[in-house]
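Structure file data.csv (CSV, N, CA and C atoms) follows.
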```csv
chain,number,residue,atom,x,y,z
A,1,MET,N,-16.4,52.9,-125.8
A,1,MET,CA,-15.7,51.7,-126.3
A,1,MET,C,-16.5,50.5,-125.8
A,2,GLU,N,-16.6,49.5,-126.7
A,2,GLU,CA,-17.3,48.3,-126.4
A,2,GLU,C,-16.3,47.1,-126.4
A,3,ILE,N,-16.2,46.5,-125.3
A,3,ILE,CA,-15.2,45.4,-125.1
A,3,ILE,C,-16.0,44.1,-124.8
A,4,LYS,N,-15.7,43.0,-125.6
A,4,LYS,CA,-16.4,41.7,-125.3
A,4,LYS,C,-15.3,40.7,-125.0
A,5,VAL,N,-15.6,39.9,-124.0
A,5,VAL,CA,-14.8,38.8,-123.6
A,5,VAL,C,-15.5,37.6,-124.1
A,6,LEU,N,-14.9,36.8,-125.0
A,6,LEU,CA,-15.6,35.6,-125.5
A,6,LEU,C,-15.0,34.4,-124.8
A,7,GLY,N,-16.0,33.6,-124.4
A,7,GLY,CA,-15.6,32.3,-123.7
A,7,GLY,C,-16.8,31.6,-123.1
A,8,THR,N,-16.6,30.3,-123.0
A,8,THR,CA,-17.8,29.5,-122.6
A,8,THR,C,-17.8,29.3,-121.1
A,9,GLY,N,-16.9,29.9,-120.4
A,9,GLY,CA,-17.0,29.8,-118.9
A,9,GLY,C,-15.8,29.0,-118.3
A,10,CYS,N,-14.8,28.7,-119.0
A,10,CYS,CA,-13.7,28.0,-118.5
A,10,CYS,C,-12.8,28.9,-117.6
A,11,ALA,N,-11.9,28.4,-116.9
A,11,ALA,CA,-11.0,29.2,-116.0
A,11,ALA,C,-10.3,30.3,-116.7
A,12,LYS,N,-9.8,30.0,-117.9
A,12,LYS,CA,-9.1,31.0,-118.7
A,12,LYS,C,-10.0,32.1,-119.1
A,13,CYS,N,-11.2,31.8,-119.4
A,13,CYS,CA,-12.2,32.8,-119.9
A,13,CYS,C,-12.5,33.7,-118.7
A,14,MET,N,-12.7,33.1,-117.5
A,14,MET,CA,-13.0,33.9,-116.4
A,14,MET,C,-11.8,34.8,-116.0
A,15,SER,N,-10.6,34.3,-116.1
A,15,SER,CA,-9.4,35.1,-115.9
A,15,SER,C,-9.3,36.3,-116.8
A,16,LEU,N,-9.6,36.1,-118.1
A,16,LEU,CA,-9.6,37.2,-119.1
A,16,LEU,C,-10.6,38.2,-118.7
A,17,GLU,N,-11.8,37.8,-118.3
A,17,GLU,CA,-12.8,38.8,-118.0
A,17,GLU,C,-12.4,39.6,-116.8
A,18,LYS,N,-11.8,39.0,-115.8
A,18,LYS,CA,-11.4,39.7,-114.6
A,18,LYS,C,-10.3,40.6,-114.9
A,19,ALA,N,-9.3,40.2,-115.7
A,19,ALA,CA,-8.1,41.0,-116.1
A,19,ALA,C,-8.6,42.2,-116.9
A,20,THR,N,-9.6,42.0,-117.8
A,20,THR,CA,-10.1,43.0,-118.7
A,20,THR,C,-10.8,44.1,-117.8
A,21,ARG,N,-11.6,43.7,-116.9
A,21,ARG,CA,-12.4,44.6,-116.1
A,21,ARG,C,-11.4,45.4,-115.2
A,22,GLN,N,-10.3,44.8,-114.8
A,22,GLN,CA,-9.3,45.5,-114.0
A,22,GLN,C,-8.5,46.5,-114.8
A,23,ALA,N,-8.2,46.1,-116.1
A,23,ALA,CA,-7.5,47.0,-117.0
A,23,ALA,C,-8.3,48.2,-117.3
A,24,VAL,N,-9.6,48.0,-117.5
A,24,VAL,CA,-10.5,49.2,-117.8
A,24,VAL,C,-10.6,50.1,-116.6
A,25,GLU,N,-10.8,49.5,-115.5
A,25,GLU,CA,-10.9,50.3,-114.2
A,25,GLU,C,-9.6,51.1,-114.0
A,26,GLU,N,-8.4,50.5,-114.2
A,26,GLU,CA,-7.1,51.2,-114.0
A,26,GLU,C,-6.9,52.2,-115.0
A,27,SER,N,-7.4,52.0,-116.2
A,27,SER,CA,-7.1,53.0,-117.3
A,27,SER,C,-8.1,54.2,-117.2
A,28,GLY,N,-9.2,54.0,-116.5
A,28,GLY,CA,-10.1,55.1,-116.3
A,28,GLY,C,-10.8,55.5,-117.6
A,29,ILE,N,-11.0,54.6,-118.5
A,29,ILE,CA,-11.7,54.8,-119.8
A,29,ILE,C,-13.1,54.5,-119.7
A,30,GLU,N,-13.9,55.1,-120.6
A,30,GLU,CA,-15.3,54.8,-120.7
A,30,GLU,C,-15.5,53.5,-121.5
A,31,ALA,N,-15.9,52.4,-121.0
A,31,ALA,CA,-16.0,51.2,-121.8
A,31,ALA,C,-17.1,50.3,-121.1
A,32,THR,N,-17.7,49.6,-122.0
A,32,THR,CA,-18.7,48.6,-121.6
A,32,THR,C,-18.0,47.2,-121.8
A,33,VAL,N,-17.9,46.4,-120.7
A,33,VAL,CA,-17.3,45.1,-120.8
A,33,VAL,C,-18.5,44.1,-120.7
A,34,THR,N,-18.6,43.2,-121.7
A,34,THR,CA,-19.6,42.2,-121.7
A,34,THR,C,-19.0,40.8,-121.9
A,35,LYS,N,-19.6,39.8,-121.3
A,35,LYS,CA,-19.1,38.4,-121.5
A,35,LYS,C,-20.0,37.7,-122.5
A,36,VAL,N,-19.5,37.1,-123.5
A,36,VAL,CA,-20.2,36.4,-124.5
A,36,VAL,C,-19.9,34.9,-124.3
A,37,GLU,N,-20.9,34.1,-123.9
A,37,GLU,CA,-20.7,32.7,-123.7
A,37,GLU,C,-21.4,31.8,-124.8
A,38,ASP,N,-22.3,32.5,-125.6
A,38,ASP,CA,-23.0,31.7,-126.6
A,38,ASP,C,-22.0,31.4,-127.8
A,39,PHE,N,-21.8,30.1,-127.9
A,39,PHE,CA,-20.8,29.6,-128.9
A,39,PHE,C,-21.2,30.1,-130.4
A,40,ILE,N,-22.4,30.1,-130.7
A,40,ILE,CA,-22.8,30.6,-132.0
A,40,ILE,C,-22.4,32.1,-132.2
A,41,GLU,N,-22.6,32.9,-131.2
A,41,GLU,CA,-22.2,34.3,-131.3
A,41,GLU,C,-20.7,34.4,-131.4
A,42,ILE,N,-20.0,33.6,-130.6
A,42,ILE,CA,-18.5,33.6,-130.7
A,42,ILE,C,-18.0,33.2,-132.1
A,43,MET,N,-18.7,32.2,-132.7
A,43,MET,CA,-18.3,31.8,-134.0
A,43,MET,C,-18.6,32.8,-135.1
A,44,LYS,N,-19.7,33.6,-134.9
A,44,LYS,CA,-20.0,34.7,-135.8
A,44,LYS,C,-18.9,35.7,-135.9
A,45,LEU,N,-18.1,35.8,-134.8
A,45,LEU,CA,-17.0,36.8,-134.8
A,45,LEU,C,-15.7,36.1,-135.4
A,46,GLY,N,-15.8,34.9,-135.9
A,46,GLY,CA,-14.7,34.2,-136.5
A,46,GLY,C,-13.7,33.6,-135.5
A,47,VAL,N,-14.1,33.5,-134.3
A,47,VAL,CA,-13.3,32.9,-133.2
A,47,VAL,C,-13.5,31.5,-133.0
A,48,MET,N,-12.5,30.7,-133.1
A,48,MET,CA,-12.6,29.2,-132.9
A,48,MET,C,-11.9,28.8,-131.6
A,49,THR,N,-11.1,29.7,-131.0
A,49,THR,CA,-10.3,29.4,-129.9
A,49,THR,C,-10.6,30.4,-128.8
A,50,THR,N,-11.0,30.0,-127.7
A,50,THR,CA,-11.3,30.9,-126.6
A,50,THR,C,-10.3,30.7,-125.5
A,51,PRO,N,-10.1,31.7,-124.6
A,51,PRO,CA,-10.8,33.0,-124.6
A,51,PRO,C,-10.3,33.9,-125.7
A,52,ALA,N,-11.2,34.9,-125.9
A,52,ALA,CA,-10.8,36.0,-126.9
A,52,ALA,C,-11.3,37.3,-126.4
A,53,LEU,N,-10.6,38.4,-126.9
A,53,LEU,CA,-10.9,39.7,-126.5
A,53,LEU,C,-11.2,40.5,-127.7
A,54,VAL,N,-12.4,41.1,-127.7
A,54,VAL,CA,-12.8,41.9,-128.9
A,54,VAL,C,-13.1,43.4,-128.4
A,55,VAL,N,-12.4,44.3,-129.1
A,55,VAL,CA,-12.6,45.7,-128.8
A,55,VAL,C,-13.2,46.4,-130.0
A,56,ASP,N,-14.4,47.0,-129.8
A,56,ASP,CA,-15.1,47.7,-130.9
A,56,ASP,C,-15.2,46.8,-132.1
A,57,GLY,N,-15.6,45.6,-132.0
A,57,GLY,CA,-15.8,44.7,-133.1
A,57,GLY,C,-14.6,44.0,-133.7
A,58,LYS,N,-13.4,44.4,-133.2
A,58,LYS,CA,-12.1,43.8,-133.7
A,58,LYS,C,-11.5,42.8,-132.7
A,59,VAL,N,-11.3,41.6,-133.2
A,59,VAL,CA,-10.7,40.6,-132.4
A,59,VAL,C,-9.2,40.9,-132.2
A,60,LEU,N,-8.8,41.1,-130.9
A,60,LEU,CA,-7.4,41.5,-130.7
A,60,LEU,C,-6.6,40.4,-130.1
A,61,VAL,N,-7.2,39.5,-129.3
A,61,VAL,CA,-6.5,38.4,-128.7
A,61,VAL,C,-7.4,37.2,-128.8
A,62,LYS,N,-6.8,36.0,-129.1
A,62,LYS,CA,-7.6,34.8,-129.0
A,62,LYS,C,-6.7,33.6,-128.6
A,63,GLY,N,-7.3,32.7,-127.8
A,63,GLY,CA,-6.6,31.5,-127.3
A,63,GLY,C,-5.6,31.7,-126.2
A,64,ARG,N,-5.6,32.9,-125.6
A,64,ARG,CA,-4.7,33.1,-124.4
A,64,ARG,C,-5.2,34.2,-123.5
A,65,VAL,N,-4.6,34.3,-122.4
A,65,VAL,CA,-5.0,35.3,-121.4
A,65,VAL,C,-3.8,36.3,-121.3
A,66,PRO,N,-4.0,37.5,-121.9
A,66,PRO,CA,-2.9,38.5,-121.8
A,66,PRO,C,-2.9,39.1,-120.4
A,67,SER,N,-1.8,39.7,-120.0
A,67,SER,CA,-1.6,40.4,-118.7
A,67,SER,C,-2.5,41.6,-118.7
A,68,VAL,N,-2.7,42.1,-117.5
A,68,VAL,CA,-3.5,43.4,-117.4
A,68,VAL,C,-2.8,44.5,-118.1
A,69,ALA,N,-1.5,44.6,-118.0
A,69,ALA,CA,-0.7,45.6,-118.7
A,69,ALA,C,-0.9,45.5,-120.2
A,70,GLU,N,-0.9,44.3,-120.7
A,70,GLU,CA,-1.1,44.1,-122.2
A,70,GLU,C,-2.5,44.6,-122.6
A,71,ILE,N,-3.5,44.2,-121.8
A,71,ILE,CA,-4.8,44.6,-122.1
A,71,ILE,C,-4.9,46.1,-122.1
A,72,LYS,N,-4.3,46.8,-121.1
A,72,LYS,CA,-4.3,48.2,-121.1
A,72,LYS,C,-3.8,48.8,-122.4
A,73,GLU,N,-2.7,48.3,-122.8
A,73,GLU,CA,-2.1,48.8,-124.1
A,73,GLU,C,-3.0,48.5,-125.3
A,74,LEU,N,-3.6,47.4,-125.3
A,74,LEU,CA,-4.5,47.1,-126.4
A,74,LEU,C,-5.7,48.0,-126.5
A,75,ILE,N,-6.3,48.3,-125.3
A,75,ILE,CA,-7.5,49.2,-125.3
A,75,ILE,C,-7.1,50.6,-125.5
A,76,ALA,N,-5.9,51.0,-125.1
A,76,ALA,CA,-5.4,52.4,-125.3
A,76,ALA,C,-5.3,52.7,-126.8
A,77,LYS,N,-4.9,51.6,-127.6
A,77,LYS,CA,-4.8,51.8,-129.1
A,77,LYS,C,-6.2,51.8,-129.7
A,78,GLY,N,-7.1,51.3,-129.0
A,78,GLY,CA,-8.5,51.3,-129.5
A,78,GLY,C,-8.7,50.4,-130.6
```

Please render this file's structure as structure tokens.
Amino acid sequence: MEIKVLGTGCAKCMSLEKATRQAVEESGIEATVTKVEDFIEIMKLGVMTTPALVVDGKVLVKGRVPSVAEIKELIAKG
């Protein structure tokens, strides 16, 4: 599973990255979590509001920081 956290480095973006890494660790799934800060790359994914969470190329959350529990549910659905 490939998970991307999109954000330019703001506090919310950092919070989403931390929560995502925690959710992956707690779930025990095989996933690669990467942080994308390049605004051009973010726009290529159709995201105009950060932070955003992308799982396997699909934008699941944008413009807010979901809880660790919500992230776990999202990644479980794949």

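Pairwise distance (atom CA of A:Glu30, atom CA of A:Cys10) equals 26.9 Å.
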
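If all atoms listed in the file are the atoms counted, then among A:Glu2, A:Lys35, A:Lys62, A:Leu45 the closest residue to A:Glu17 is A:Lys35.
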
* Near A:Pro51, counting only C-alpha atoms, which residues have an atom at most 8 Å away, once you skip same-chain residues fewer than 2 positions from it, shown as a ChimeraX atom specification? -> /A:5-7,12-13,16,49,53,62-65

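Taking atom C of A:Gly46 as the reference point, atom N of A:Val24 is found at 23.4 Å.
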
* **From A:Ile3, A:Ala11, A:Thr32, A:Glu41, residue lying nearest A:Asp56 [all atoms listed in the file]** =>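 Answer, going by the shortest atom-to-atom distance: A:Ile3.
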
How big is the axis-aligned box around all listed atoms of stretch 65-78 of chain A once 3 Å goes on each side, and where's its centre, in Å to one decimal, as lines of an AutoDock Vina configuration file?
```
center_x = -4.7
center_y = 43.5
center_z = -124.0
size_x = 14.0
size_y = 24.4
size_z = 19.2
```

* To do: Provide the atom C of A:Gln22 to atom CA of A:Val68 distance in Å, to one decimal place.
  => 6.4 Å

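Minimum atom-to-atom distances from A:Ile71, A:Lys77, A:Thr8, A:Glu25 to A:Phe39 were compared using all atoms listed in the file, and the lowest value belongs to A:Thr8.
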
* List every residue of stretch 7-50 of chain A that DSSP, applied to the backbone, labels as helix (DSSP H, G or I), and write the result as a list of chain:residue names. =>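 Helix (DSSP H, G or I) members of stretch 7-50 of chain A, listed: A:Ala11, A:Lys12, A:Cys13, A:Met14, A:Ser15, A:Leu16, A:Glu17, A:Lys18, A:Ala19, A:Thr20, A:Arg21, A:Gln22, A:Ala23, A:Val24, A:Glu25, A:Glu26, A:Ser27, A:Phe39, A:Ile40, A:Glu41, A:Ile42, A:Met43, A:Lys44.
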
Export of the given selection (N, CA and C atoms) as a JSON list (two decimals), in the coordinates of the input:
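For reference, again-v4.json as written:
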```json
[["chain", "number", "residue", "atom", "x", "y", "z"],
["A", 11, "ALA", "N", -11.90, 28.40, -116.90],
["A", 11, "ALA", "CA", -11.00, 29.20, -116.00],
["A", 11, "ALA", "C", -10.30, 30.30, -116.70],
["A", 12, "LYS", "N", -9.80, 30.00, -117.90],
["A", 12, "LYS", "CA", -9.10, 31.00, -118.70],
["A", 12, "LYS", "C", -10.00, 32.10, -119.10],
["A", 13, "CYS", "N", -11.20, 31.80, -119.40],
["A", 13, "CYS", "CA", -12.20, 32.80, -119.90],
["A", 13, "CYS", "C", -12.50, 33.70, -118.70],
["A", 14, "MET", "N", -12.70, 33.10, -117.50],
["A", 14, "MET", "CA", -13.00, 33.90, -116.40],
["A", 14, "MET", "C", -11.80, 34.80, -116.00],
["A", 15, "SER", "N", -10.60, 34.30, -116.10],
["A", 15, "SER", "CA", -9.40, 35.10, -115.90],
["A", 15, "SER", "C", -9.30, 36.30, -116.80],
["A", 16, "LEU", "N", -9.60, 36.10, -118.10],
["A", 16, "LEU", "CA", -9.60, 37.20, -119.10],
["A", 16, "LEU", "C", -10.60, 38.20, -118.70],
["A", 17, "GLU", "N", -11.80, 37.80, -118.30],
["A", 17, "GLU", "CA", -12.80, 38.80, -118.00],
["A", 17, "GLU", "C", -12.40, 39.60, -116.80],
["A", 18, "LYS", "N", -11.80, 39.00, -115.80],
["A", 18, "LYS", "CA", -11.40, 39.70, -114.60],
["A", 18, "LYS", "C", -10.30, 40.60, -114.90],
["A", 19, "ALA", "N", -9.30, 40.20, -115.70],
["A", 19, "ALA", "CA", -8.10, 41.00, -116.10],
["A", 19, "ALA", "C", -8.60, 42.20, -116.90],
["A", 20, "THR", "N", -9.60, 42.00, -117.80],
["A", 20, "THR", "CA", -10.10, 43.00, -118.70],
["A", 20, "THR", "C", -10.80, 44.10, -117.80],
["A", 21, "ARG", "N", -11.60, 43.70, -116.90],
["A", 21, "ARG", "CA", -12.40, 44.60, -116.10],
["A", 21, "ARG", "C", -11.40, 45.40, -115.20],
["A", 22, "GLN", "N", -10.30, 44.80, -114.80],
["A", 22, "GLN", "CA", -9.30, 45.50, -114.00],
["A", 22, "GLN", "C", -8.50, 46.50, -114.80],
["A", 23, "ALA", "N", -8.20, 46.10, -116.10],
["A", 23, "ALA", "CA", -7.50, 47.00, -117.00],
["A", 23, "ALA", "C", -8.30, 48.20, -117.30],
["A", 24, "VAL", "N", -9.60, 48.00, -117.50],
["A", 24, "VAL", "CA", -10.50, 49.20, -117.80],
["A", 24, "VAL", "C", -10.60, 50.10, -116.60],
["A", 25, "GLU", "N", -10.80, 49.50, -115.50],
["A", 25, "GLU", "CA", -10.90, 50.30, -114.20],
["A", 25, "GLU", "C", -9.60, 51.10, -114.00],
["A", 26, "GLU", "N", -8.40, 50.50, -114.20],
["A", 26, "GLU", "CA", -7.10, 51.20, -114.00],
["A", 26, "GLU", "C", -6.90, 52.20, -115.00],
["A", 27, "SER", "N", -7.40, 52.00, -116.20],
["A", 27, "SER", "CA", -7.10, 53.00, -117.30],
["A", 27, "SER", "C", -8.10, 54.20, -117.20],
["A", 39, "PHE", "N", -21.80, 30.10, -127.90],
["A", 39, "PHE", "CA", -20.80, 29.60, -128.90],
["A", 39, "PHE", "C", -21.20, 30.10, -130.40],
["A", 40, "ILE", "N", -22.40, 30.10, -130.70],
["A", 40, "ILE", "CA", -22.80, 30.60, -132.00],
["A", 40, "ILE", "C", -22.40, 32.10, -132.20],
["A", 41, "GLU", "N", -22.60, 32.90, -131.20],
["A", 41, "GLU", "CA", -22.20, 34.30, -131.30],
["A", 41, "GLU", "C", -20.70, 34.40, -131.40],
["A", 42, "ILE", "N", -20.00, 33.60, -130.60],
["A", 42, "ILE", "CA", -18.50, 33.60, -130.70],
["A", 42, "ILE", "C", -18.00, 33.20, -132.10],
["A", 43, "MET", "N", -18.70, 32.20, -132.70],
["A", 43, "MET", "CA", -18.30, 31.80, -134.00],
["A", 43, "MET", "C", -18.60, 32.80, -135.10],
["A", 44, "LYS", "N", -19.70, 33.60, -134.90],
["A", 44, "LYS", "CA", -20.00, 34.70, -135.80],
["A", 44, "LYS", "C", -18.90, 35.70, -135.90]]
```

* For A:Ser67, which of A:Val36, A:Ile29, A:Ala19, A:Val55 is the closest residue, counting only N, CA and C atoms? ->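 Of A:Val36, A:Ile29, A:Ala19, A:Val55, the one nearest A:Ser67 is A:Ala19, counting only N, CA and C atoms.
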
* **Selected residue, from A:Ser27, A:Ser15, A:Thr34, A:Thr50, that lies nearest to A:Lys72 when counting all atoms listed in the file** => A:Ser27

* Quick one: pick out all strand (DSSP E or B) residues within chain A from a backbone DSSP run and write them as a PyMOL selection string. => chain A and resi 2-6+32-36+52-55+58-62

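For the residues A:Ala69, A:Ile75, A:Val61, A:Met1, ranking by smallest atom-to-atom distance to A:Ala31 using all atoms listed in the file places A:Met1 first.
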